[in-house]
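Okay, data_24.cif is below, mmCIF, C-alpha atoms:
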```cif
data_input
#
loop_
_atom_site.label_atom_id
_atom_site.label_comp_id
_atom_site.auth_asym_id
_atom_site.auth_seq_id
_atom_site.Cartn_x
_atom_site.Cartn_y
_atom_site.Cartn_z
CA GLU A 1 -3.87 -19.54 -12.59
CA LEU A 2 -3.61 -19.70 -8.80
CA GLN A 3 0.17 -19.38 -8.85
CA ILE A 4 0.01 -16.32 -11.12
CA ALA A 5 -2.61 -14.72 -8.88
CA VAL A 6 -0.54 -15.32 -5.74
CA MET A 7 2.58 -13.91 -7.39
CA ASN A 8 0.70 -10.74 -8.35
CA TYR A 9 -1.30 -10.15 -5.19
CA ASP A 10 0.49 -10.48 -1.87
CA TYR A 11 -1.57 -8.80 0.84
CA GLU A 12 -0.88 -8.21 4.52
CA ALA A 13 -2.88 -9.83 7.30
CA ASN A 14 -5.03 -7.15 8.94
CA GLU A 15 -7.42 -7.15 11.89
CA GLY A 16 -10.47 -9.25 11.08
CA VAL A 17 -9.38 -9.73 7.46
CA VAL A 18 -7.24 -12.48 5.96
CA PHE A 19 -5.44 -11.32 2.84
CA THR A 20 -3.89 -14.00 0.68
CA ARG A 21 -0.17 -14.70 0.96
CA VAL A 22 1.91 -17.46 -0.57
CA GLU A 23 2.40 -19.07 2.85
CA SER A 24 -1.32 -19.12 3.61
CA ILE A 25 -2.10 -20.69 0.22
CA GLU A 26 0.43 -23.46 0.90
CA LYS A 27 -1.17 -24.14 4.30
CA LEU A 28 -4.61 -24.37 2.71
CA PHE A 29 -3.36 -27.19 0.50
CA THR A 30 -1.44 -29.06 3.19
CA ASP A 31 -2.84 -31.67 5.56
CA GLU A 32 -2.30 -30.33 9.11
CA ASP A 33 -1.60 -33.78 10.62
CA SER A 34 0.76 -35.26 8.05
CA GLN A 35 2.10 -31.99 6.58
CA GLU A 36 1.81 -33.62 3.16
CA ARG A 37 0.64 -31.42 0.35
CA ILE A 38 -2.86 -32.01 -0.98
CA ASN A 39 -3.38 -31.64 -4.70
CA PRO A 40 -6.22 -29.13 -5.11
CA SER A 41 -8.94 -29.70 -7.66
CA ILE A 42 -9.41 -27.44 -10.66
CA LYS A 43 -12.57 -26.13 -8.99
CA GLN A 44 -10.63 -25.18 -5.86
CA LEU A 45 -7.91 -23.47 -7.87
CA LYS A 46 -10.37 -21.41 -9.88
CA ALA A 47 -12.34 -20.44 -6.78
CA MET A 48 -9.20 -19.32 -4.94
CA ALA A 49 -8.00 -17.33 -7.95
CA GLU A 50 -11.41 -15.64 -8.04
CA TYR A 51 -11.07 -14.89 -4.32
CA ILE A 52 -7.73 -13.18 -4.88
CA ARG A 53 -9.05 -11.14 -7.80
CA HIS A 54 -12.05 -10.12 -5.73
CA THR A 55 -9.78 -8.99 -2.88
CA GLU A 56 -7.74 -6.92 -5.34
CA LYS A 57 -10.95 -5.39 -6.70
CA TYR A 58 -12.00 -4.50 -3.15
CA TYR A 59 -8.71 -2.67 -2.66
CA MET A 60 -9.00 -0.75 -5.91
CA LEU A 61 -12.65 0.28 -5.65
CA TYR A 62 -13.21 0.82 -1.97
CA GLY A 63 -9.86 1.59 -0.37
CA TYR A 64 -7.87 4.46 -1.64
CA GLU A 65 -10.30 7.33 -2.34
CA GLU A 66 -11.93 7.33 1.09
CA TYR A 67 -8.63 6.56 2.80
CA THR A 68 -6.93 9.52 1.10
CA GLU A 69 -9.49 11.86 2.63
CA LYS A 70 -8.86 10.33 6.06
CA VAL A 71 -5.14 10.92 5.56
CA ILE A 72 -5.78 14.57 4.69
CA ASP A 73 -7.82 14.87 7.89
CA LEU A 74 -4.90 13.39 9.86
CA MET A 75 -2.53 15.94 8.32
CA LYS A 76 -4.84 18.76 9.38
CA GLU A 77 -5.16 17.34 12.89
CA LYS A 78 -1.37 17.06 13.27
CA LYS A 79 -0.80 20.39 11.48
CA LEU A 80 1.46 18.76 8.91
CA ASP A 81 2.52 20.69 5.83
CA ALA A 82 3.38 17.49 3.97
CA LEU A 83 3.32 13.71 4.31
CA LEU A 84 5.74 11.01 3.16
CA VAL A 85 4.26 7.49 2.85
CA ALA A 86 6.71 4.58 2.64
CA SER A 87 4.70 1.47 3.61
CA MET A 88 3.65 -0.62 0.63
CA TYR A 89 0.33 -1.40 2.27
CA ASN A 90 -0.40 2.25 3.02
CA TYR A 91 0.63 3.71 -0.33
CA ARG A 92 -1.36 0.95 -2.02
CA TYR A 93 -4.42 1.79 0.05
CA ILE A 94 -4.07 5.53 -0.52
CA SER A 95 -3.22 5.60 -4.22
CA GLY A 96 -4.33 2.24 -5.60
CA PHE A 97 -0.81 1.42 -6.86
CA THR A 98 -0.05 -2.27 -6.28
CA GLY A 99 3.67 -2.31 -7.09
CA ASP A 100 6.24 -2.95 -4.36
CA THR A 101 8.53 0.10 -4.68
CA ALA A 102 7.28 3.66 -4.21
CA TYR A 103 6.84 6.66 -1.96
CA LEU A 104 3.90 9.03 -1.78
CA TYR A 105 4.37 12.75 -1.22
CA ILE A 106 1.18 14.56 -0.21
CA SER A 107 0.70 18.26 0.51
CA ASP A 108 -1.91 20.94 -0.11
CA ASN A 109 -0.31 21.62 -3.49
CA ARG A 110 0.29 18.15 -4.87
CA ARG A 111 -0.22 14.41 -4.63
CA VAL A 112 2.75 12.57 -6.10
CA LEU A 113 3.74 8.92 -6.42
CA LEU A 114 7.51 8.46 -6.73
CA THR A 115 8.87 5.26 -8.24
CA ASP A 116 11.58 4.02 -10.61
CA SER A 117 11.40 3.17 -14.32
CA ARG A 118 10.28 -0.41 -13.69
CA TYR A 119 6.93 0.79 -12.35
CA THR A 120 6.06 4.15 -13.92
CA THR A 121 3.72 2.80 -16.61
CA TRP A 122 2.10 0.46 -14.10
CA ALA A 123 1.69 3.26 -11.55
CA ARG A 124 0.10 5.64 -14.07
CA SER A 125 -2.51 3.01 -14.89
CA GLU A 126 -3.47 2.48 -11.23
CA ALA A 127 -2.72 5.61 -9.18
CA LYS A 128 -5.56 7.82 -10.37
CA GLY A 129 -5.42 11.28 -8.87
CA PHE A 130 -1.66 11.09 -8.31
CA GLU A 131 1.11 12.50 -10.47
CA VAL A 132 3.64 9.74 -11.15
CA VAL A 133 7.26 10.93 -11.09
CA GLU A 134 10.19 8.73 -12.06
CA VAL A 135 13.30 8.63 -9.91
CA ASP A 136 16.83 7.68 -10.97
CA ALA A 137 20.43 7.93 -9.76
CA GLN A 138 20.61 11.65 -10.57
CA ASN A 139 17.14 12.45 -9.30
CA THR A 140 16.64 10.38 -6.16
CA TYR A 141 13.67 10.09 -3.79
CA SER A 142 15.29 12.46 -1.30
CA ASP A 143 16.23 14.94 -4.05
CA ILE A 144 12.67 15.18 -5.31
CA VAL A 145 11.07 15.34 -1.87
CA SER A 146 13.51 18.07 -0.84
CA ARG A 147 12.57 20.09 -3.91
CA TYR A 148 8.84 19.67 -3.23
CA LEU A 149 9.26 20.72 0.41
CA ASP A 150 11.08 23.84 -0.72
CA GLU A 151 8.48 24.68 -3.38
CA ASP A 152 5.64 24.06 -0.92
CA LYS A 153 7.42 26.17 1.73
CA ALA A 154 6.83 23.31 4.17
CA SER A 155 8.17 23.65 7.70
CA ASN A 156 7.45 20.02 8.60
CA ILE A 157 6.63 16.64 7.08
CA GLY A 158 5.08 13.53 8.65
CA PHE A 159 6.83 10.24 7.93
CA GLU A 160 6.38 6.56 8.76
CA ASN A 161 9.16 6.05 11.29
CA THR A 162 8.00 2.49 11.98
CA GLN A 163 8.27 1.53 8.29
CA MET A 164 11.40 3.28 7.03
CA LEU A 165 15.04 2.24 7.43
CA TYR A 166 17.09 4.59 9.57
CA CYS A 167 19.58 5.15 6.73
CA ASP A 168 16.76 6.24 4.42
CA VAL A 169 15.38 8.66 7.00
CA ILE A 170 18.84 10.21 7.33
CA LYS A 171 19.04 10.69 3.55
CA PHE A 172 15.75 12.62 3.55
CA LYS A 173 16.74 14.68 6.59
CA ASN A 174 20.14 15.58 5.17
CA LYS A 175 18.54 16.92 2.00
CA SER A 176 15.93 18.94 3.96
CA LYS A 177 17.76 20.19 7.04
CA ASN A 178 15.41 23.11 7.71
CA VAL A 179 12.32 20.88 7.76
CA GLU A 180 11.03 19.13 10.90
CA PHE A 181 10.40 15.41 10.40
CA VAL A 182 7.40 14.34 12.49
CA GLU A 183 7.13 10.66 13.47
CA LEU A 184 3.67 9.19 12.82
CA ASP A 185 4.12 6.07 15.00
CA GLY A 186 1.81 3.85 12.94
CA GLN A 187 -1.13 6.25 12.74
CA LEU A 188 -1.65 5.54 9.04
CA ASP A 189 -1.94 1.82 9.85
CA LYS A 190 -4.61 2.56 12.44
CA ILE A 191 -6.69 4.51 9.92
CA ARG A 192 -6.49 1.60 7.47
CA GLN A 193 -7.80 -0.85 10.08
CA ILE A 194 -11.16 0.95 10.30
CA LYS A 195 -13.27 -0.36 7.43
CA SER A 196 -16.11 1.47 5.72
CA GLU A 197 -19.49 -0.15 5.05
CA ALA A 198 -18.54 -0.62 1.40
CA GLU A 199 -15.29 -2.33 2.39
CA LEU A 200 -17.04 -4.61 4.87
CA LYS A 201 -19.47 -5.66 2.16
CA LYS A 202 -16.65 -6.54 -0.20
CA ILE A 203 -14.81 -8.43 2.54
CA ALA A 204 -17.92 -10.52 3.21
CA GLU A 205 -18.33 -11.27 -0.50
CA ALA A 206 -14.67 -12.28 -0.78
CA GLU A 207 -14.95 -14.58 2.24
CA LYS A 208 -17.98 -16.30 0.66
CA ILE A 209 -15.96 -17.01 -2.46
CA GLY A 210 -13.13 -18.46 -0.36
CA ALA A 211 -15.55 -20.61 1.64
CA ASN A 212 -17.12 -21.97 -1.54
CA ALA A 213 -13.69 -23.16 -2.67
CA PHE A 214 -13.55 -25.61 0.24
#
```
What would the structure in this file look like if it were written as structure tokens?
Amino acid sequence: ELQIAVMNYDYEANEGVVFTRVESIEKLFTDEDSQERINPSIKQLKAMAEYIRHTEKYYMLYGYEEYTEKVIDLMKEKKLDALLVASMYNYRYISGFTGDTAYLYISDNRRVLLTDSRYTTWARSEAKGFEVVEVDAQNTYSDIVSRYLDEDKASNIGFENTQMLYCDVIKFKNKSKNVEFVELDGQLDKIRQIKSEAELKKIAEAEKIGANAF
């Protein structure tokens, strides 16, 4: 049960919050002095699995709706016509989608989650409030974003320059040559670091569950 939970939920370490990763689980069950693995009890395994599920529930219930509004406020502040989200942690926090391949396109006219055929059904079940659009070889991420920018008459778009590969940025820019691409320099990450009261409550509850496991 623990192994399945870890495979499904792999969260980033954030300020003041420890999200579960495979490496951290292994360390929890390893003696620091001898580096020999410790066989966890059934009670420990069940408690840790519950911790992971609780962390996932915290993400789904208390992350994305409030965070989306903060992102909209950032767009207004920066006078952005559109926004392209590439970071798995940020698109998960904004939309609720927990898969590992997607982009978000956000403008005044639409909120879209772009992903391939492996994840469309999954995304539609999680990304409430977002239209899920499937990409393929003939209809790529850059093709679709370019079309949306044209339809939205956007003159600029904010993008996560610290999260995207240079070659991917070039693909988007080449398809939308008349659009200014505005570097966000990690500003979405900074918004995510500020927790609401509801989030802090869930974090505290999750930490109690983890503590009870040991």
Near Ala123 of chain A, counting only C-alpha atoms, which residues have an atom at most 7 Å away, once you skip same-chain residues fewer than 3 positions from it, shown as a PDB file with C-alpha atoms, keeping the file's coordinate frame?
```pdb
ATOM      1  CA  PHE A  97      -0.810   1.420  -6.860  1.00  0.00           C
ATOM      2  CA  TYR A 119       6.930   0.790 -12.350  1.00  0.00           C
ATOM      3  CA  THR A 120       6.060   4.150 -13.920  1.00  0.00           C
ATOM      4  CA  GLU A 126      -3.470   2.480 -11.230  1.00  0.00           C
ATOM      5  CA  ALA A 127      -2.720   5.610  -9.180  1.00  0.00           C
ATOM      6  CA  VAL A 132       3.640   9.740 -11.150  1.00  0.00           C
TER       7      VAL A 132
END
```
Atom pair atom CA of Ile157 of chain A + atom CA of Asp189 of chain A, distance 17.3 Å
Written as a tab-separated table (two decimals) with C-alpha atoms, keeping the file's coordinate frame, which residues does the PyMOL selection byres ((chain A and resi 152) around 12) give for the file shown?
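Below you can see expr.tsv, which holds the result:
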```tsv
chain	number	residue	atom	x	y	z
A	80	LEU	CA	1.46	18.76	8.91
A	81	ASP	CA	2.52	20.69	5.83
A	82	ALA	CA	3.38	17.49	3.97
A	83	LEU	CA	3.32	13.71	4.31
A	105	TYR	CA	4.37	12.75	-1.22
A	106	ILE	CA	1.18	14.56	-0.21
A	107	SER	CA	0.70	18.26	0.51
A	108	ASP	CA	-1.91	20.94	-0.11
A	109	ASN	CA	-0.31	21.62	-3.49
A	110	ARG	CA	0.29	18.15	-4.87
A	111	ARG	CA	-0.22	14.41	-4.63
A	145	VAL	CA	11.07	15.34	-1.87
A	146	SER	CA	13.51	18.07	-0.84
A	147	ARG	CA	12.57	20.09	-3.91
A	148	TYR	CA	8.84	19.67	-3.23
A	149	LEU	CA	9.26	20.72	0.41
A	150	ASP	CA	11.08	23.84	-0.72
A	151	GLU	CA	8.48	24.68	-3.38
A	153	LYS	CA	7.42	26.17	1.73
A	154	ALA	CA	6.83	23.31	4.17
A	155	SER	CA	8.17	23.65	7.70
A	156	ASN	CA	7.45	20.02	8.60
A	157	ILE	CA	6.63	16.64	7.08
A	179	VAL	CA	12.32	20.88	7.76
```
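Using the PyMOL selection byres ((chain A and resi 159) around 9) on this structure selects Ala82, Leu83, Leu84, Val85, Ala86, Ile157, Gly158, Glu160, Asn161, Thr162, Gln163, Met164, Val169, Phe181, Val182, Glu183, Leu184 and Asp185 of chain A.
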Using the chain letters and numbering of this document, enumerate as number ranges by chain the residues selected by the PyMOL selection byres ((chain A and resi 101) around 8). A: 88, 99-100, 102-103, 115-116, 119
